[in-house]
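Below is the file input.cif, which contains mmCIF, C-alpha atoms.
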data_data
#
loop_
_atom_site.group_PDB
_atom_site.id
_atom_site.type_symbol
_atom_site.label_atom_id
_atom_site.label_comp_id
_atom_site.auth_asym_id
_atom_site.auth_seq_id
_atom_site.Cartn_x
_atom_site.Cartn_y
_atom_site.Cartn_z
ATOM 1 C CA MET V 9 18.285 -21.005 13.575
ATOM 2 C CA ARG V 10 16.463 -22.069 16.735
ATOM 3 C CA ARG V 11 18.165 -21.127 19.993
ATOM 4 C CA ILE V 12 18.560 -24.787 20.980
ATOM 5 C CA PHE V 13 21.311 -25.154 18.383
ATOM 6 C CA THR V 14 24.809 -24.517 19.719
ATOM 7 C CA CYS V 15 26.861 -21.520 18.605
ATOM 8 C CA LEU V 16 29.449 -23.878 17.089
ATOM 9 C CA PHE V 17 26.839 -25.627 14.969
ATOM 10 C CA LEU V 18 25.372 -22.289 13.917
ATOM 11 C CA LEU V 19 28.737 -20.930 12.822
ATOM 12 C CA THR V 20 29.490 -24.132 10.899
ATOM 13 C CA TYR V 21 26.078 -24.093 9.238
ATOM 14 C CA LEU V 22 26.389 -20.454 8.198
ATOM 15 C CA SER V 23 29.862 -21.068 6.800
ATOM 16 C CA LEU V 24 28.653 -23.992 4.718
ATOM 17 C CA SER V 25 25.601 -22.024 3.603
ATOM 18 C CA SER V 26 27.710 -19.113 2.413
ATOM 19 C CA ILE V 27 29.948 -21.479 0.450
ATOM 20 C CA SER V 28 26.932 -23.161 -1.150
ATOM 21 C CA GLN V 29 25.370 -19.826 -2.077
ATOM 22 C CA ALA V 30 28.626 -18.607 -3.611
ATOM 23 C CA GLN V 31 28.888 -21.765 -5.695
ATOM 24 C CA GLN V 32 25.332 -21.493 -6.933
ATOM 25 C CA ALA V 33 25.733 -17.808 -7.675
ATOM 26 C CA ASP V 34 28.637 -18.802 -9.932
ATOM 27 C CA SER V 35 26.538 -21.430 -11.757
ATOM 28 C CA LYS V 36 25.249 -19.715 -14.863
ATOM 29 C CA ALA V 37 22.342 -21.665 -16.309
ATOM 30 C CA LEU V 38 18.773 -20.985 -17.343
ATOM 31 C CA LEU V 39 17.739 -24.615 -16.848
ATOM 32 C CA TRP V 40 17.791 -26.428 -13.483
ATOM 33 C CA ARG V 41 16.931 -30.013 -12.503
ATOM 34 C CA ILE V 42 14.685 -30.559 -9.459
ATOM 35 C CA SER V 43 15.111 -33.943 -7.776
ATOM 36 C CA GLY V 44 15.144 -35.666 -4.398
ATOM 37 C CA ASN V 45 12.761 -35.151 -1.469
ATOM 38 C CA GLY V 46 10.680 -38.160 -2.487
ATOM 39 C CA LEU V 47 10.391 -37.402 -6.204
ATOM 40 C CA THR V 48 10.566 -40.517 -8.375
ATOM 41 C CA THR V 49 11.374 -38.521 -11.518
ATOM 42 C CA SER V 50 13.148 -35.216 -12.064
ATOM 43 C CA SER V 51 11.344 -32.025 -12.987
ATOM 44 C CA TYR V 52 12.944 -28.938 -14.521
ATOM 45 C CA LEU V 53 12.959 -25.218 -13.814
ATOM 46 C CA TYR V 54 13.672 -22.740 -16.611
ATOM 47 C CA GLY V 55 14.312 -19.018 -16.191
ATOM 48 C CA GLY V 56 12.835 -16.938 -18.983
ATOM 49 C CA THR V 57 11.937 -13.272 -19.181
ATOM 50 C CA ASP V 58 8.840 -11.258 -20.061
ATOM 51 C CA MET V 59 9.655 -10.221 -23.645
ATOM 52 C CA ILE V 60 12.656 -10.848 -25.840
ATOM 53 C CA CYS V 61 14.058 -10.016 -29.262
ATOM 54 C CA MET V 62 13.882 -13.045 -31.536
ATOM 55 C CA ASP V 63 17.672 -13.149 -31.932
ATOM 56 C CA ASP V 64 18.057 -13.290 -28.138
ATOM 57 C CA LEU V 65 15.712 -16.231 -27.546
ATOM 58 C CA ASN V 66 17.816 -18.710 -25.574
ATOM 59 C CA TRP V 67 16.583 -22.218 -26.366
ATOM 60 C CA SER V 68 18.933 -25.095 -27.104
ATOM 61 C CA PRO V 69 18.336 -28.681 -28.282
ATOM 62 C CA ALA V 70 19.292 -29.829 -24.768
ATOM 63 C CA MET V 71 16.561 -27.627 -23.289
ATOM 64 C CA GLN V 72 14.065 -29.068 -25.756
ATOM 65 C CA ASP V 73 15.137 -32.574 -24.753
ATOM 66 C CA ARG V 74 14.446 -31.822 -21.099
ATOM 67 C CA MET V 75 11.008 -30.435 -21.982
ATOM 68 C CA ASN V 76 10.362 -33.612 -23.965
ATOM 69 C CA GLU V 77 11.058 -35.658 -20.816
ATOM 70 C CA CYS V 78 8.174 -33.945 -19.023
ATOM 71 C CA THR V 79 4.456 -34.548 -19.401
ATOM 72 C CA THR V 80 3.408 -31.063 -18.258
ATOM 73 C CA VAL V 81 4.712 -27.545 -18.895
ATOM 74 C CA CYS V 82 3.789 -25.108 -16.131
ATOM 75 C CA PHE V 83 3.855 -21.308 -16.246
ATOM 76 C CA GLN V 84 3.003 -18.680 -13.644
ATOM 77 C CA LEU V 85 -0.440 -18.479 -15.281
ATOM 78 C CA ASP V 86 -2.263 -21.036 -17.370
ATOM 79 C CA ILE V 87 -1.707 -19.179 -20.628
ATOM 80 C CA ALA V 88 -3.358 -21.960 -22.631
ATOM 81 C CA ASP V 89 -6.670 -21.242 -20.901
ATOM 82 C CA PRO V 90 -9.091 -20.328 -23.751
ATOM 83 C CA MET V 91 -10.492 -17.573 -21.506
ATOM 84 C CA ILE V 92 -7.084 -16.074 -20.659
ATOM 85 C CA LYS V 93 -7.480 -13.018 -22.909
ATOM 86 C CA GLU V 94 -10.900 -12.167 -21.479
ATOM 87 C CA LYS V 95 -9.632 -12.659 -17.910
ATOM 88 C CA ALA V 96 -6.577 -10.498 -18.577
ATOM 89 C CA LYS V 97 -8.700 -7.756 -20.127
ATOM 90 C CA ALA V 98 -11.015 -7.792 -17.118
ATOM 91 C CA ALA V 99 -8.034 -7.634 -14.762
ATOM 92 C CA ILE V 100 -6.701 -4.398 -16.281
ATOM 93 C CA THR V 101 -10.082 -2.700 -16.687
ATOM 94 C CA ILE V 102 -10.525 0.242 -14.332
ATOM 95 C CA ARG V 103 -13.513 -0.250 -12.008
ATOM 96 C CA ASP V 104 -13.335 2.673 -9.588
ATOM 97 C CA GLY V 105 -14.547 5.424 -11.883
ATOM 98 C CA ARG V 106 -11.100 6.713 -12.778
ATOM 99 C CA HIS V 107 -9.554 6.871 -16.226
ATOM 100 C CA LEU V 108 -6.056 6.077 -17.493
ATOM 101 C CA LYS V 109 -5.172 9.782 -17.566
ATOM 102 C CA ASP V 110 -5.795 9.993 -13.805
ATOM 103 C CA TYR V 111 -2.599 8.026 -13.179
ATOM 104 C CA PHE V 112 -0.560 10.910 -14.590
ATOM 105 C CA SER V 113 0.054 14.493 -13.575
ATOM 106 C CA PRO V 114 -2.169 16.841 -15.630
ATOM 107 C CA ALA V 115 0.902 18.957 -16.344
ATOM 108 C CA VAL V 116 2.810 16.185 -18.117
ATOM 109 C CA TYR V 117 -0.058 14.049 -19.451
ATOM 110 C CA PRO V 118 -0.175 15.778 -22.881
ATOM 111 C CA GLN V 119 3.547 15.105 -23.263
ATOM 112 C CA VAL V 120 3.002 11.473 -22.256
ATOM 113 C CA VAL V 121 0.203 11.117 -24.831
ATOM 114 C CA THR V 122 2.429 12.499 -27.576
ATOM 115 C CA TYR V 123 5.353 10.292 -26.598
ATOM 116 C CA ALA V 124 3.163 7.175 -26.458
ATOM 117 C CA LYS V 125 1.697 7.863 -29.895
ATOM 118 C CA ASP V 126 4.955 8.837 -31.594
ATOM 119 C CA ARG V 127 7.409 6.484 -29.891
ATOM 120 C CA LEU V 128 5.348 3.546 -28.628
ATOM 121 C CA GLY V 129 2.749 3.438 -31.361
ATOM 122 C CA VAL V 130 -0.205 3.485 -28.977
ATOM 123 C CA ASP V 131 -2.971 6.071 -28.547
ATOM 124 C CA LEU V 132 -3.600 6.486 -24.828
ATOM 125 C CA GLU V 133 -6.869 8.263 -25.504
ATOM 126 C CA ASN V 134 -8.250 4.941 -26.756
ATOM 127 C CA LEU V 135 -7.236 3.157 -23.557
ATOM 128 C CA GLN V 136 -8.961 5.314 -20.959
ATOM 129 C CA ARG V 137 -10.916 2.348 -19.551
ATOM 130 C CA PHE V 138 -7.700 0.495 -18.723
ATOM 131 C CA THR V 139 -4.925 0.751 -16.147
ATOM 132 C CA PRO V 140 -1.307 1.557 -17.099
ATOM 133 C CA LEU V 141 -0.627 -2.191 -17.239
ATOM 134 C CA ALA V 142 -2.273 -2.079 -20.662
ATOM 135 C CA VAL V 143 0.628 0.084 -21.845
ATOM 136 C CA GLN V 144 3.418 -1.988 -20.313
ATOM 137 C CA PRO V 145 3.966 -4.308 -23.326
ATOM 138 C CA PHE V 146 4.403 -1.278 -25.588
ATOM 139 C CA ILE V 147 6.941 0.156 -23.145
ATOM 140 C CA VAL V 148 8.948 -3.064 -23.021
ATOM 141 C CA LYS V 149 8.956 -3.384 -26.826
ATOM 142 C CA LYS V 150 10.293 0.158 -27.077
ATOM 143 C CA LEU V 151 13.012 -0.542 -24.514
ATOM 144 C CA LEU V 152 14.088 -3.729 -26.280
ATOM 145 C CA GLY V 153 14.547 -1.729 -29.463
ATOM 146 C CA CYS V 154 13.966 -4.528 -31.963
ATOM 147 C CA PRO V 155 11.164 -5.167 -34.451
ATOM 148 C CA GLY V 156 8.813 -7.970 -33.538
ATOM 149 C CA ALA V 157 9.682 -8.401 -29.851
ATOM 150 C CA LEU V 158 8.212 -11.667 -28.569
ATOM 151 C CA SER V 159 6.463 -12.803 -25.424
ATOM 152 C CA TYR V 160 8.783 -15.397 -23.882
ATOM 153 C CA ASP V 161 5.892 -17.294 -22.283
ATOM 154 C CA LEU V 162 4.000 -17.526 -25.562
ATOM 155 C CA GLN V 163 7.088 -18.829 -27.342
ATOM 156 C CA MET V 164 7.510 -21.488 -24.668
ATOM 157 C CA MET V 165 3.830 -22.367 -24.950
ATOM 158 C CA GLN V 166 4.139 -22.891 -28.695
ATOM 159 C CA LEU V 167 7.105 -25.205 -28.142
ATOM 160 C CA ALA V 168 5.144 -27.102 -25.501
ATOM 161 C CA LEU V 169 2.068 -27.472 -27.709
ATOM 162 C CA LYS V 170 4.209 -28.653 -30.612
ATOM 163 C CA ALA V 171 5.673 -31.295 -28.311
ATOM 164 C CA GLY V 172 2.179 -32.368 -27.240
ATOM 165 C CA LYS V 173 2.546 -31.322 -23.610
ATOM 166 C CA LYS V 174 -0.189 -30.512 -21.132
ATOM 167 C CA ILE V 175 -0.066 -26.844 -20.089
ATOM 168 C CA THR V 176 -1.025 -25.466 -16.711
ATOM 169 C CA GLY V 177 -0.286 -22.556 -14.332
ATOM 170 C CA LEU V 178 0.545 -22.134 -10.656
ATOM 171 C CA GLU V 179 -1.629 -19.142 -9.833
ATOM 172 C CA THR V 180 -4.717 -17.294 -10.981
ATOM 173 C CA ILE V 181 -4.850 -13.887 -12.611
ATOM 174 C CA ASP V 182 -6.632 -12.615 -9.504
ATOM 175 C CA GLU V 183 -3.693 -13.682 -7.326
ATOM 176 C CA THR V 184 -1.222 -12.065 -9.715
ATOM 177 C CA MET V 185 -3.205 -8.827 -9.705
ATOM 178 C CA GLN V 186 -3.514 -8.825 -5.917
ATOM 179 C CA THR V 187 0.275 -8.902 -5.722
ATOM 180 C CA ALA V 188 0.557 -6.119 -8.326
ATOM 181 C CA ASP V 189 -1.990 -3.995 -6.468
ATOM 182 C CA ALA V 190 -0.176 -4.521 -3.173
ATOM 183 C CA ILE V 191 2.916 -2.763 -4.546
ATOM 184 C CA GLN V 192 0.916 -0.203 -6.582
ATOM 185 C CA PHE V 193 2.410 -1.535 -9.786
ATOM 186 C CA ASN V 194 0.123 0.532 -12.008
ATOM 187 C CA ASP V 195 1.468 3.712 -10.451
ATOM 188 C CA LYS V 196 5.009 2.478 -11.067
ATOM 189 C CA VAL V 197 4.287 1.803 -14.750
ATOM 190 C CA ALA V 198 2.817 5.301 -15.045
ATOM 191 C CA MET V 199 5.910 6.743 -13.363
ATOM 192 C CA ALA V 200 8.213 4.904 -15.779
ATOM 193 C CA LEU V 201 6.246 6.120 -18.800
ATOM 194 C CA THR V 202 6.314 9.686 -17.482
ATOM 195 C CA GLU V 203 10.083 9.565 -17.011
ATOM 196 C CA MET V 204 10.614 8.142 -20.488
ATOM 197 C CA ALA V 205 8.372 10.816 -22.002
ATOM 198 C CA THR V 206 10.355 13.522 -20.242
ATOM 199 C CA GLY V 207 13.748 12.288 -21.468
ATOM 200 C CA SER V 208 14.984 9.685 -18.967
ATOM 201 C CA ASN V 209 17.193 6.866 -20.316
ATOM 202 C CA TYR V 210 17.176 4.976 -17.013
ATOM 203 C CA TYR V 211 14.694 2.285 -18.067
ATOM 204 C CA LYS V 212 16.515 1.659 -21.339
ATOM 205 C CA THR V 213 19.706 0.996 -19.398
ATOM 206 C CA TYR V 214 17.817 -1.163 -16.908
ATOM 207 C CA ARG V 215 16.238 -3.304 -19.636
ATOM 208 C CA THR V 216 19.540 -3.665 -21.500
ATOM 209 C CA SER V 217 21.191 -4.915 -18.298
ATOM 210 C CA LEU V 218 18.432 -7.491 -17.750
ATOM 211 C CA VAL V 219 18.709 -8.750 -21.321
ATOM 212 C CA GLN V 220 22.495 -9.070 -21.056
ATOM 213 C CA ALA V 221 22.216 -11.002 -17.790
ATOM 214 C CA HIS V 222 19.689 -13.353 -19.373
ATOM 215 C CA LYS V 223 21.874 -13.882 -22.449
ATOM 216 C CA GLN V 224 24.719 -14.762 -20.078
ATOM 217 C CA GLN V 225 22.360 -17.187 -18.284
ATOM 218 C CA ASP V 226 23.064 -15.389 -15.012
ATOM 219 C CA LEU V 227 19.859 -15.648 -12.983
ATOM 220 C CA TRP V 228 21.552 -14.246 -9.874
ATOM 221 C CA GLN V 229 22.501 -11.111 -11.795
ATOM 222 C CA MET V 230 18.942 -10.797 -13.129
ATOM 223 C CA ASN V 231 17.601 -10.999 -9.593
ATOM 224 C CA ASP V 232 20.110 -8.413 -8.371
ATOM 225 C CA ILE V 233 19.301 -5.964 -11.188
ATOM 226 C CA PHE V 234 15.588 -6.297 -10.503
ATOM 227 C CA ARG V 235 16.034 -5.841 -6.753
ATOM 228 C CA HIS V 236 18.020 -2.648 -7.239
ATOM 229 C CA SER V 237 15.634 -1.058 -9.714
ATOM 230 C CA ARG V 238 14.591 2.353 -8.457
ATOM 231 C CA MET V 239 10.981 1.409 -9.175
ATOM 232 C CA PHE V 240 10.799 -0.851 -6.115
ATOM 233 C CA SER V 241 11.396 -0.492 -2.395
ATOM 234 C CA GLU V 242 12.637 -3.393 -0.273
ATOM 235 C CA GLY V 243 9.071 -3.896 0.908
ATOM 236 C CA ASP V 244 7.840 -4.003 -2.688
ATOM 237 C CA ILE V 245 10.417 -6.661 -3.545
ATOM 238 C CA ALA V 246 9.479 -8.772 -0.527
ATOM 239 C CA THR V 247 5.822 -8.631 -1.556
ATOM 240 C CA PHE V 248 6.307 -9.015 -5.309
ATOM 241 C CA LEU V 249 8.943 -11.763 -5.320
ATOM 242 C CA GLY V 250 8.400 -13.325 -1.919
ATOM 243 C CA GLY V 251 4.637 -13.632 -2.159
ATOM 244 C CA SER V 252 4.727 -15.365 -5.512
ATOM 245 C CA ILE V 253 7.715 -17.580 -4.714
ATOM 246 C CA ASN V 254 6.210 -18.839 -1.461
ATOM 247 C CA ARG V 255 2.949 -19.578 -3.253
ATOM 248 C CA TRP V 256 4.743 -21.541 -5.991
ATOM 249 C CA VAL V 257 6.881 -23.548 -3.563
ATOM 250 C CA SER V 258 3.730 -24.650 -1.769
ATOM 251 C CA ARG V 259 2.044 -25.760 -5.024
ATOM 252 C CA MET V 260 4.874 -27.247 -7.087
ATOM 253 C CA PRO V 261 5.231 -30.496 -5.082
ATOM 254 C CA ALA V 262 1.714 -31.714 -5.888
ATOM 255 C CA LEU V 263 2.440 -31.415 -9.608
ATOM 256 C CA MET V 264 5.940 -32.934 -9.437
ATOM 257 C CA GLN V 265 4.733 -35.939 -7.439
ATOM 258 C CA GLN V 266 2.295 -36.856 -10.200
ATOM 259 C CA ALA V 267 4.628 -36.627 -13.195
ATOM 260 C CA PRO V 268 7.745 -34.747 -14.395
ATOM 261 C CA VAL V 269 7.034 -31.055 -14.927
ATOM 262 C CA PHE V 270 8.858 -28.386 -16.926
ATOM 263 C CA PHE V 271 8.380 -25.089 -15.054
ATOM 264 C CA GLU V 272 9.040 -21.769 -16.788
ATOM 265 C CA PHE V 273 9.067 -18.521 -14.803
ATOM 266 C CA ASN V 274 10.682 -15.115 -15.215
ATOM 267 C CA GLY V 275 14.360 -15.472 -14.354
ATOM 268 C CA VAL V 276 14.244 -12.642 -11.793
ATOM 269 C CA TYR V 277 12.373 -15.004 -9.456
ATOM 270 C CA LEU V 278 14.885 -17.856 -9.606
ATOM 271 C CA GLY V 279 18.227 -16.485 -8.430
ATOM 272 C CA GLY V 280 19.220 -14.808 -5.176
ATOM 273 C CA ASN V 281 19.527 -16.020 -1.593
ATOM 274 C CA ASP V 282 15.745 -16.086 -1.183
ATOM 275 C CA GLY V 283 14.807 -16.817 -4.799
ATOM 276 C CA LEU V 284 12.879 -19.829 -6.030
ATOM 277 C CA ILE V 285 15.951 -22.055 -6.350
ATOM 278 C CA ALA V 286 17.021 -21.293 -2.778
ATOM 279 C CA LYS V 287 13.475 -21.784 -1.453
ATOM 280 C CA LEU V 288 13.148 -25.177 -3.156
ATOM 281 C CA ARG V 289 16.436 -26.253 -1.604
ATOM 282 C CA LYS V 290 15.230 -25.161 1.811
ATOM 283 C CA ALA V 291 12.141 -27.290 1.208
ATOM 284 C CA GLY V 292 14.418 -30.307 0.770
ATOM 285 C CA TYR V 293 14.859 -30.575 -2.997
ATOM 286 C CA ASN V 294 18.071 -30.880 -4.976
ATOM 287 C CA VAL V 295 18.168 -28.107 -7.563
ATOM 288 C CA ASP V 296 21.139 -28.391 -9.904
ATOM 289 C CA PRO V 297 22.141 -26.491 -13.052
ATOM 290 C CA VAL V 298 21.745 -28.249 -16.395
ATOM 291 C CA GLN V 299 24.308 -27.102 -18.941
#

What do you get writing this file as structure tokens?
Amino acid sequence: MRRIFTCLFLLTYLSLSSISQAQQADSKALLWRISGNGLTTSSYLYGGTDMICMDDLNWSPAMQDRMNECTTVCFQLDIADPMIKEKAKAAITIRDGRHLKDYFSPAVYPQVVTYAKDRLGVDLENLQRFTPLAVQPFIVKKLLGCPGALSYDLQMMQLALKAGKKITGLETIDETMQTADAIQFNDKVAMALTEMATGSNYYKTYRTSLVQAHKQQDLWQMNDIFRHSRMFSEGDIATFLGGSINRWVSRMPALMQQAPVFFEFNGVYLGGNDGLIAKLRKAGYNVDPVQ
């Protein structure tokens, strides 16, 4: 608050803010309506996740109806871009002369290779041109523990295409990778794989907690679990979540002013006192749960 505001007003404002945050934290919903602030039609915000077991896919007829109301479905990236696979491959290709094995300690790398081949079904020796991000989907599938784990974004894209919706994204792969590089995400993926290969169950527990929070439609819990992961420092979280959220909040209005939009992002970004829902409210929008 600016210093020109009185102490009484500040105390009143903070009291009301804490009440509002507590109410929203108690609102368990994956789907949220965005309205007000000059919008002539409502848009929608849906909290997904990166990968999911088919039985855990949370998509109701009411959610489909809200997507049907919109002309555009927007993801973090434009995953309908016909060049997306080539761009993604280029983004995870190592360019500094290193190899995948250089992200691991020489002492444990053989154990990591064996674990990846036997437990993840991937031969690291065939991925030496790529960063550890190339292994991340195999790690997540293993942690989910179900056959045929699905990409949530791709499932949403198929639903959008079936409904005849335009598909777009809010940021480029280069921007996403710049954020990942800023928090040394490749090193963190390598660390997680090393710990799993040497017997740690931490990431299994972490993933199970995220899935349960998503099944309960508790975006605030998802955000809290992510924030308290031992993979990330407070600075990492501020860069990873804050950088993306601020970028999206600055770009969403232009899309919503043209036509109703159905936004789908990972649920970890939406909840929390400085998550996407809170940031949109601070920007003047009404963001309300849709049951």

Fill in: Residue nearest Leu288 in chain V - candidates V:Val276, V:Val219, V:Val257, V:Ala262, atoms counted: only C-alpha atoms
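The answer is V:Val257, which sits nearest to Leu288 in chain V.
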
>> Since I can't run it myself right now, could you work out what the PyMOL selection byres ((chain V and resi 277) around 10) selects here and report it as a PyMOL selection string?
In response: chain V and resi 55-57+227-228+230-231+234+248-250+252-253+273-276+278-280+282-285

The PyMOL selection byres ((chain V and resi 185-189) around 12) - which residues does that actually catch in the file I just gave you? List them as a PyMOL selection string. chain V and resi 85+95-101+139-141+179-184+190-197+240+244-253+255

Could you name the residues that touch Glu133 in chain V at 10 Å or less, counting all atoms listed in the file, but leaving out those on the same chain fewer than 5 positions away, as a PyMOL selection string? chain V and resi 107-109+121+125

Across V:Met260, V:Met164, V:Val81, V:Ile102, the smallest distance to Thr176 in chain V, with all atoms listed in the file counted, is shown by V:Val81

- Query: Could you write out as a PyMOL selection string the residues that the PyMOL selection byres ((chain V and resi 293) around 7) matches in the shown file?
  - Reply: chain V and resi 42-45+288-289+291-292+294-295

Spatial neighbours of Ser35 in chain V, max dist 10 Å, only C-alpha atoms, sep filter under 6 positions, as a count of residues only = 9

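Between CA of Asp73 in chain V and CA of Pro90 in chain V the interatomic distance comes to 27.2 Å.
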
Could you give me, as CSV, every range 65-140 of chain V residue with an atom at most 12 Å from range 151-159 of chain V, plus its closest atom pair and distance in Å to one decimal, counting all atoms listed in the file, rows ordered by chain then number?
residue,atom,partner,partner_atom,distance
V:Leu65,CA,V:Leu158,CA,8.8
V:Ile87,CA,V:Ser159,CA,11.4
V:Arg127,CA,V:Leu151,CA,10.5
V:Leu128,CA,V:Leu151,CA,9.6

Using all atoms listed in the file, the shortest atom-to-atom distance to Met239 in chain V among V:Pro118, V:Leu169, V:Ala200, V:Asp89 belongs to V:Ala200

Mind checking which residues fall within 12 Å of Leu201 in chain V, counting only C-alpha atoms, ignoring those fewer than 6 positions away in the same chain, and posting them as an mmCIF file with C-alpha atoms, in the coordinates of the input?
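Result file result.cif:
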data_model
loop_
_atom_site.group_PDB
_atom_site.id
_atom_site.type_symbol
_atom_site.label_atom_id
_atom_site.label_comp_id
_atom_site.auth_asym_id
_atom_site.auth_seq_id
_atom_site.Cartn_x
_atom_site.Cartn_y
_atom_site.Cartn_z
ATOM 1 C CA TYR V 111 -2.599 8.026 -13.179
ATOM 2 C CA PHE V 112 -0.560 10.910 -14.590
ATOM 3 C CA SER V 113 0.054 14.493 -13.575
ATOM 4 C CA VAL V 116 2.810 16.185 -18.117
ATOM 5 C CA TYR V 117 -0.058 14.049 -19.451
ATOM 6 C CA GLN V 119 3.547 15.105 -23.263
ATOM 7 C CA VAL V 120 3.002 11.473 -22.256
ATOM 8 C CA VAL V 121 0.203 11.117 -24.831
ATOM 9 C CA THR V 122 2.429 12.499 -27.576
ATOM 10 C CA TYR V 123 5.353 10.292 -26.598
ATOM 11 C CA ALA V 124 3.163 7.175 -26.458
ATOM 12 C CA ARG V 127 7.409 6.484 -29.891
ATOM 13 C CA LEU V 128 5.348 3.546 -28.628
ATOM 14 C CA LEU V 132 -3.600 6.486 -24.828
ATOM 15 C CA PRO V 140 -1.307 1.557 -17.099
ATOM 16 C CA LEU V 141 -0.627 -2.191 -17.239
ATOM 17 C CA ALA V 142 -2.273 -2.079 -20.662
ATOM 18 C CA VAL V 143 0.628 0.084 -21.845
ATOM 19 C CA GLN V 144 3.418 -1.988 -20.313
ATOM 20 C CA PRO V 145 3.966 -4.308 -23.326
ATOM 21 C CA PHE V 146 4.403 -1.278 -25.588
ATOM 22 C CA ILE V 147 6.941 0.156 -23.145
ATOM 23 C CA VAL V 148 8.948 -3.064 -23.021
ATOM 24 C CA LYS V 150 10.293 0.158 -27.077
ATOM 25 C CA LEU V 151 13.012 -0.542 -24.514
ATOM 26 C CA ASN V 194 0.123 0.532 -12.008
ATOM 27 C CA ASP V 195 1.468 3.712 -10.451
ATOM 28 C CA GLY V 207 13.748 12.288 -21.468
ATOM 29 C CA SER V 208 14.984 9.685 -18.967
ATOM 30 C CA ASN V 209 17.193 6.866 -20.316
ATOM 31 C CA TYR V 210 17.176 4.976 -17.013
ATOM 32 C CA TYR V 211 14.694 2.285 -18.067
ATOM 33 C CA LYS V 212 16.515 1.659 -21.339
ATOM 34 C CA MET V 239 10.981 1.409 -9.175
#

With distances taken over only C-alpha atoms, the candidate from V:Ile92, V:Arg259, V:Ala70, V:Cys78 nearest Leu178 in chain V is V:Arg259

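Reported to one decimal place, the separation of CA of Lys174 in chain V from CA of Ser50 in chain V is 16.8 Å.
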